[in-house]
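For reference, entry-v6.txt is printed below; it contains compact mmCIF, C-alpha atoms.
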```
# COMPACT_ATOMS: atom_id res chain seq x y z
CA MET K 1 5.54 -12.19 -5.87
CA GLN K 2 2.35 -14.01 -6.88
CA ALA K 3 -0.19 -11.96 -8.79
CA ASN K 4 -2.98 -12.54 -6.25
CA LEU K 5 -0.72 -11.49 -3.35
CA LEU K 6 0.25 -8.34 -5.22
CA THR K 7 -3.31 -7.29 -6.05
CA GLU K 8 -5.11 -8.56 -2.96
CA LEU K 9 -2.66 -7.42 -0.28
CA PHE K 10 0.32 -5.32 -1.41
CA LEU K 11 -1.53 -2.94 -3.73
CA PRO K 12 -4.31 -1.96 -1.27
CA LEU K 13 -1.75 -1.55 1.54
CA ALA K 14 0.46 0.60 -0.68
CA LEU K 15 -2.47 2.81 -1.66
CA ALA K 16 -3.54 3.09 1.98
CA LEU K 17 -0.02 4.22 2.90
CA ILE K 18 -0.07 6.82 0.13
CA MET K 19 -3.38 8.19 1.41
CA LEU K 20 -2.11 8.10 5.01
CA GLY K 21 0.72 10.36 3.87
CA MET K 22 -1.86 12.76 2.46
CA GLY K 23 -3.77 12.73 5.74
CA LEU K 24 -0.63 13.61 7.70
CA SER K 25 -0.49 16.93 5.83
CA LEU K 26 -4.16 17.86 6.27
CA LEU K 27 -5.66 20.20 8.84
CA VAL K 28 -9.22 21.07 9.78
CA ASP K 29 -8.66 24.39 8.00
CA ASP K 30 -8.52 22.51 4.70
CA PHE K 31 -12.20 21.68 5.15
CA ARG K 32 -13.12 25.19 6.28
CA ARG K 33 -11.83 26.53 2.97
CA ILE K 34 -14.69 24.68 1.24
CA ILE K 35 -17.06 27.15 2.89
CA ARG K 36 -14.76 30.14 2.37
CA TYR K 37 -14.22 29.58 -1.36
CA PRO K 38 -17.40 27.88 -2.62
CA LYS K 39 -17.14 29.18 -6.19
CA ALA K 40 -13.64 27.83 -6.83
CA ILE K 41 -14.50 24.53 -5.16
CA THR K 42 -17.67 24.19 -7.24
CA VAL K 43 -15.88 24.85 -10.54
CA GLY K 44 -13.09 22.43 -9.65
CA VAL K 45 -15.45 19.66 -8.54
CA LEU K 46 -17.64 20.02 -11.65
CA ASN K 47 -14.53 19.66 -13.81
CA GLN K 48 -13.42 16.60 -11.84
CA ILE K 49 -16.74 14.79 -11.39
CA VAL K 50 -18.69 15.76 -14.51
CA LEU K 51 -16.53 17.13 -17.32
CA LEU K 52 -13.61 14.70 -16.93
CA PRO K 53 -15.72 11.53 -17.37
CA LEU K 54 -17.53 13.13 -20.32
CA LEU K 55 -14.16 13.91 -21.93
CA ALA K 56 -13.07 10.32 -21.30
CA PHE K 57 -16.12 8.87 -23.04
CA GLY K 58 -15.54 11.24 -25.96
CA ILE K 59 -11.87 10.25 -26.24
CA VAL K 60 -12.78 6.55 -26.11
CA ALA K 61 -15.03 7.11 -29.14
CA LEU K 62 -12.54 9.36 -30.93
CA PHE K 63 -9.59 6.96 -30.57
CA GLY K 64 -11.68 3.84 -31.08
CA LEU K 65 -10.70 2.19 -27.79
CA GLU K 66 -12.49 -1.07 -27.14
CA THR K 67 -13.31 -3.46 -24.29
CA GLU K 68 -10.78 -3.45 -21.41
CA LEU K 69 -8.83 -0.38 -22.51
CA ALA K 70 -12.02 1.65 -22.92
CA VAL K 71 -13.21 0.66 -19.45
CA GLY K 72 -9.72 1.34 -18.05
CA LEU K 73 -9.77 4.92 -19.30
CA ILE K 74 -13.20 5.48 -17.73
CA ILE K 75 -11.96 3.99 -14.45
CA LEU K 76 -9.15 6.52 -14.47
CA ALA K 77 -11.53 9.40 -15.19
CA ALA K 78 -13.78 8.25 -12.34
CA CYS K 79 -10.95 8.49 -9.82
CA PRO K 80 -10.32 11.64 -7.79
CA GLY K 81 -7.21 13.76 -7.95
CA GLY K 82 -4.38 12.34 -5.87
CA PRO K 83 -1.89 13.91 -3.47
CA THR K 84 0.49 14.29 -6.41
CA SER K 85 -1.72 17.12 -7.68
CA ASN K 86 -1.07 19.02 -4.43
CA LEU K 87 2.68 18.78 -4.90
CA ILE K 88 2.53 19.80 -8.57
CA THR K 89 0.30 22.75 -7.67
CA HIS K 90 2.82 23.89 -5.07
CA LEU K 91 5.72 23.60 -7.53
CA SER K 92 3.69 25.46 -10.17
CA LYS K 93 3.04 28.35 -7.74
CA GLY K 94 -0.67 27.63 -7.81
CA ASP K 95 -3.13 27.84 -4.92
CA THR K 96 -2.01 24.89 -2.77
CA ALA K 97 -4.78 25.39 -0.21
CA LEU K 98 -7.40 25.19 -2.97
CA SER K 99 -5.69 22.12 -4.41
CA ILE K 100 -5.81 20.29 -1.07
CA SER K 101 -9.47 21.23 -0.59
CA LEU K 102 -10.39 20.01 -4.07
CA THR K 103 -8.56 16.73 -3.53
CA VAL K 104 -10.43 16.17 -0.28
CA VAL K 105 -13.85 16.98 -1.75
CA SER K 106 -13.36 14.94 -4.93
CA SER K 107 -12.11 11.97 -2.89
CA LEU K 108 -15.25 12.03 -0.75
CA ILE K 109 -17.62 12.32 -3.72
CA THR K 110 -15.96 9.71 -5.95
CA VAL K 111 -16.35 7.07 -3.24
CA LEU K 112 -20.02 7.07 -4.31
CA THR K 113 -19.68 7.81 -8.03
CA ILE K 114 -16.93 5.34 -8.96
CA PRO K 115 -19.00 2.11 -8.92
CA PHE K 116 -21.86 3.58 -10.95
CA LEU K 117 -19.62 5.18 -13.58
CA VAL K 118 -17.39 2.10 -13.92
CA ASN K 119 -20.39 -0.24 -14.16
CA PHE K 120 -21.89 1.93 -16.89
CA ALA K 121 -18.62 1.64 -18.82
CA ILE K 122 -18.47 -2.13 -18.32
CA LEU K 123 -22.01 -2.59 -19.59
CA ARG K 124 -21.27 -0.34 -22.55
CA TYR K 125 -17.91 -1.72 -23.68
CA ILE K 126 -17.63 -5.30 -22.40
CA PRO K 127 -19.60 -8.21 -23.93
CA ASN K 128 -21.74 -9.76 -21.18
CA GLY K 129 -20.63 -6.89 -18.99
CA GLN K 130 -23.34 -7.60 -16.43
CA GLU K 131 -21.30 -10.59 -15.27
CA GLN K 132 -18.24 -8.43 -14.63
CA ALA K 133 -19.90 -5.43 -12.97
CA LEU K 134 -18.56 -4.04 -9.73
CA PRO K 135 -20.61 -4.84 -6.62
CA ILE K 136 -21.70 -1.35 -5.58
CA PHE K 137 -21.70 -1.72 -1.79
CA LYS K 138 -18.46 -3.70 -1.71
CA THR K 139 -16.77 -1.16 -3.96
CA ILE K 140 -17.86 1.79 -1.81
CA VAL K 141 -16.59 0.03 1.33
CA SER K 142 -13.30 -0.95 -0.38
CA VAL K 143 -12.61 2.58 -1.63
CA LEU K 144 -13.42 3.95 1.83
CA VAL K 145 -11.05 1.51 3.51
CA ILE K 146 -8.09 2.15 1.22
CA THR K 147 -8.51 5.91 0.71
CA ILE K 148 -10.74 7.89 3.06
CA ILE K 149 -10.06 5.97 6.29
CA PRO K 150 -6.23 6.23 5.97
CA VAL K 151 -6.60 9.96 5.29
CA ALA K 152 -8.74 10.28 8.43
CA ILE K 153 -6.16 8.33 10.47
CA GLY K 154 -3.41 10.63 9.19
CA MET K 155 -5.44 13.70 10.18
CA VAL K 156 -6.08 12.31 13.67
CA LEU K 157 -2.37 11.63 14.12
CA ARG K 158 -1.57 15.15 12.94
CA ARG K 159 -4.01 16.63 15.44
CA LYS K 160 -3.41 14.38 18.46
CA VAL K 161 0.32 13.63 18.20
CA PRO K 162 1.82 16.31 15.93
CA ALA K 163 5.38 15.42 16.93
CA LEU K 164 4.91 11.84 15.72
CA ALA K 165 3.15 13.05 12.56
CA ASN K 166 6.01 15.41 11.74
CA ARG K 167 8.57 12.68 12.38
CA VAL K 168 6.96 10.07 10.12
CA GLU K 169 5.71 12.42 7.39
CA LYS K 170 8.94 12.46 5.37
CA PRO K 171 9.53 8.67 5.49
CA VAL K 172 5.89 8.13 4.47
CA LYS K 173 6.34 10.56 1.55
CA LEU K 174 9.40 8.66 0.39
CA LEU K 175 7.72 5.27 0.70
CA SER K 176 4.67 6.65 -1.11
CA ALA K 177 6.81 7.70 -4.07
CA VAL K 178 8.56 4.31 -4.14
CA PHE K 179 5.27 2.43 -3.95
CA LEU K 180 3.79 4.58 -6.71
CA PHE K 181 6.52 3.62 -9.17
CA LEU K 182 6.45 -0.03 -8.06
CA ILE K 183 2.70 -0.20 -8.61
CA ILE K 184 2.95 1.35 -12.07
CA GLY K 185 5.82 -0.98 -12.94
CA ALA K 186 3.95 -4.04 -11.70
CA ALA K 187 0.83 -3.11 -13.69
CA LEU K 188 2.88 -2.73 -16.87
CA LEU K 189 4.88 -5.89 -16.20
CA LYS K 190 1.77 -8.04 -15.81
CA GLU K 191 0.75 -7.14 -19.36
CA LYS K 192 4.27 -7.20 -20.84
CA GLU K 193 3.26 -9.46 -23.74
CA ASN K 194 0.68 -6.93 -24.95
CA LEU K 195 2.46 -3.82 -23.71
CA ALA K 196 3.60 -2.44 -27.06
CA GLU K 197 0.11 -2.84 -28.51
CA PHE K 198 -1.53 -1.34 -25.43
CA PHE K 199 0.84 1.64 -25.46
CA ALA K 200 0.05 2.25 -29.14
CA LEU K 201 -3.69 2.07 -28.47
CA ALA K 202 -4.05 3.65 -25.04
CA GLY K 203 -1.03 5.98 -24.94
CA PRO K 204 -2.37 8.66 -27.33
CA ALA K 205 -5.81 8.48 -25.69
CA ALA K 206 -4.33 8.85 -22.19
CA LEU K 207 -2.18 11.80 -23.29
CA ALA K 208 -5.17 13.43 -24.98
CA LEU K 209 -7.25 13.04 -21.82
CA ASN K 210 -4.49 14.55 -19.71
CA LEU K 211 -3.92 17.57 -21.94
CA LEU K 212 -7.58 18.18 -22.74
CA SER K 213 -8.76 17.90 -19.14
CA MET K 214 -6.11 20.39 -17.97
CA SER K 215 -6.96 22.77 -20.82
CA VAL K 216 -10.69 22.58 -20.10
CA GLY K 217 -10.03 22.99 -16.38
CA TYR K 218 -7.98 26.12 -16.96
CA GLY K 219 -10.46 27.48 -19.49
CA THR K 220 -13.52 27.02 -17.29
CA ALA K 221 -11.68 28.57 -14.33
CA ARG K 222 -10.72 31.67 -16.34
CA TRP K 223 -14.21 31.85 -17.85
CA SER K 224 -15.68 31.86 -14.33
CA ARG K 225 -13.30 34.76 -13.48
CA HIS K 226 -10.84 33.05 -11.19
CA ASP K 227 -7.32 34.43 -11.03
CA LYS K 228 -4.39 32.68 -12.67
CA ARG K 229 -3.23 30.93 -9.50
CA GLN K 230 -6.67 29.43 -8.88
CA SER K 231 -7.05 28.61 -12.57
CA ILE K 232 -3.78 26.70 -12.80
CA THR K 233 -4.80 24.83 -9.65
CA ILE K 234 -8.15 23.80 -11.10
CA ALA K 235 -6.37 22.77 -14.30
CA ILE K 236 -3.97 20.53 -12.38
CA GLU K 237 -6.75 19.03 -10.26
CA SER K 238 -8.68 18.28 -13.45
CA GLY K 239 -5.75 16.58 -15.17
CA ILE K 240 -3.76 14.84 -12.44
CA GLN K 241 -5.60 11.69 -11.41
CA ASN K 242 -5.07 9.12 -8.69
CA GLY K 243 -3.75 6.48 -11.08
CA THR K 244 -2.84 4.22 -8.18
CA LEU K 245 -6.51 3.95 -7.23
CA GLY K 246 -7.38 3.25 -10.87
CA ILE K 247 -4.90 0.38 -10.93
CA ALA K 248 -6.28 -0.95 -7.64
CA ILE K 249 -9.86 -0.92 -8.91
CA ALA K 250 -8.90 -2.72 -12.11
CA THR K 251 -6.64 -5.38 -10.62
CA THR K 252 -8.08 -5.89 -7.13
CA LEU K 253 -11.83 -5.30 -7.47
CA LEU K 254 -12.33 -6.25 -11.14
CA GLN K 255 -9.46 -8.79 -11.31
CA ASN K 256 -8.65 -7.52 -14.81
CA PRO K 257 -5.01 -6.38 -15.24
CA ALA K 258 -5.63 -5.15 -18.80
CA MET K 259 -8.00 -2.50 -17.44
CA SER K 260 -5.16 -1.09 -15.32
CA ILE K 261 -3.02 -0.22 -18.36
CA PRO K 262 -4.60 3.19 -19.10
CA SER K 263 -4.06 4.24 -15.45
CA ALA K 264 -0.44 3.04 -15.51
CA ILE K 265 0.32 4.79 -18.81
CA TYR K 266 -1.48 7.93 -17.67
CA SER K 267 0.52 8.00 -14.44
CA LEU K 268 3.75 8.03 -16.42
CA LEU K 269 2.59 10.62 -18.94
CA MET K 270 1.18 13.03 -16.37
CA PHE K 271 4.60 13.42 -14.77
CA MET K 272 6.03 14.51 -18.11
CA THR K 273 3.22 17.00 -18.81
CA SER K 274 3.50 18.24 -15.23
CA ILE K 275 7.05 19.42 -15.94
CA ALA K 276 5.65 21.73 -18.61
CA VAL K 277 2.93 22.97 -16.25
CA ILE K 278 5.47 23.65 -13.49
CA TYR K 279 7.69 25.54 -15.96
CA TRP K 280 4.76 27.61 -17.21
CA GLY K 281 3.52 28.34 -13.69
CA ASN K 282 6.94 29.61 -12.65
CA ARG K 283 7.33 31.68 -15.82
CA THR K 284 4.14 33.60 -15.00
CA GLY K 285 5.85 34.99 -11.89
CA LEU K 286 2.82 34.53 -9.67
CA ALA K 287 3.41 35.42 -6.03
CA VAL K 288 2.84 32.61 -3.54
CA PRO K 289 1.47 33.55 -0.12
CA GLU K 290 3.73 32.55 2.73
CA SER K 291 0.96 30.33 4.16
CA GLN K 292 1.20 28.12 1.09
CA ALA K 293 4.93 27.74 1.02
CA VAL K 294 4.89 24.21 2.45
CA PRO K 295 4.97 21.37 -0.07
CA THR K 296 2.43 18.58 0.18
CA PRO K 297 3.05 14.83 -0.05
CA MET K 298 3.49 12.87 -3.23
CA GLU K 299 0.93 10.31 -4.25
```

As structure tokens, how would this structure be written, given the file I've shared?
Amino acid sequence: MQANLLTELFLPLALALIMLGMGLSLLVDDFRRIIRYPKAITVGVLNQIVLLPLLAFGIVALFGLETELAVGLIILAACPGGPTSNLITHLSKGDTALSISLTVVSSLITVLTIPFLVNFAILRYIPNGQEQALPIFKTIVSVLVITIIPVAIGMVLRRKVPALANRVEKPVKLLSAVFLFLIIGAALLKEKENLAEFFALAGPAALALNLLSMSVGYGTARWSRHDKRQSITIAIESGIQNGTLGIAIATTLLQNPAMSIPSAIYSLLMFMTSIAVIYWGNRTGLAVPESQAVPTPME
């Protein structure tokens, strides 16, 4: 498959399908929880929108990342949590309802914050970065089209034709998982000549961001007196990013495959760290309310 066909057509369609799968699992109640639990939502969103990018900039400086890899890590930090975080929260016996609500809110907010944060990183780390900056309006529209609109379509289907939504939800979940691994594989394959070097440079930084963001998320949640189930949820939402969107921004909007490497590496690493989180969550023996006993779709 030609590179331009992959990035211009297949990747956005795959991401839209992933987000459609998320929409098929959402209900209006998921938005009402934002009003019911404002404190938990606020702490989670602040971790996602403010603390995570600050951690990313600090890690870029600490690990000495430069140019494309530095921008790529900031792109990742600018992205919202993905549907994968909802599944991991469920498996970890966290607060799945809170996880879904946080994913929805962060997805809505980052539509507006992504272009500004990414452009700041480009100007900071790329020589003549002004020439490579994201067009703000086009980026907002693109992120809306490939993330928010498919979620909205999925919700409408769930509400208007629930039988159809229930029938297609499992196939969409499966295709979403397949597309996720194909996208990560394609991003790594396109930079195969520099892959070993990129892994050596960006791998430790990506792992540090993952572990640190989850630790800070859990710490701020406990400090603000949330229970363990809510705290583990906020930790997961802080550390499990929508790497697929990060890859799409780098390869489709910026036309720079090297910038997608941190998102691809992060997506692989976060599955490994998630196993530890799931194990720890189950070891705590937290009770899960019956209303949250339904798993959510994979990214």

Subject >> Selected residue, from K:Met22, K:Leu164, K:Leu91, K:Ala14, that lies nearest to Ile148 of chain K when counting only C-alpha atoms >> reply: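 Closest residue, counting only C-alpha atoms: K:Met22.
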
Subject >> Given only C-alpha atoms as the counted atoms, nearest of K:Leu117, K:Ile261, K:Ile232, K:Leu17 to Gly217 of chain K >> reply: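 Using only C-alpha atoms, Gly217 of chain K sits closest to K:Ile232.
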
Original post:
How far is it from atom CA of Ser238 of chain K to atom CA of Leu157 of chain K, in Å with one decimal?
Top reply: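 Distance reported for this atom pair: 29.1 Å.
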
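Here the question is which of K:Val151, K:Val45, K:Val104, K:Ile249 gets nearest to Ala133 of chain K using all atoms listed in the file, and that residue is K:Ile249.
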
Subject >> Nearest candidate to Thr110 of chain K (options K:Leu15, K:Ile74, K:Ile149, K:Ile49; using only C-alpha atoms) >> reply: K:Ile49

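The interatomic distance for the pair atom CA of Asn282 of chain K and atom CA of Ser267 of chain K works out to 22.6 Å.
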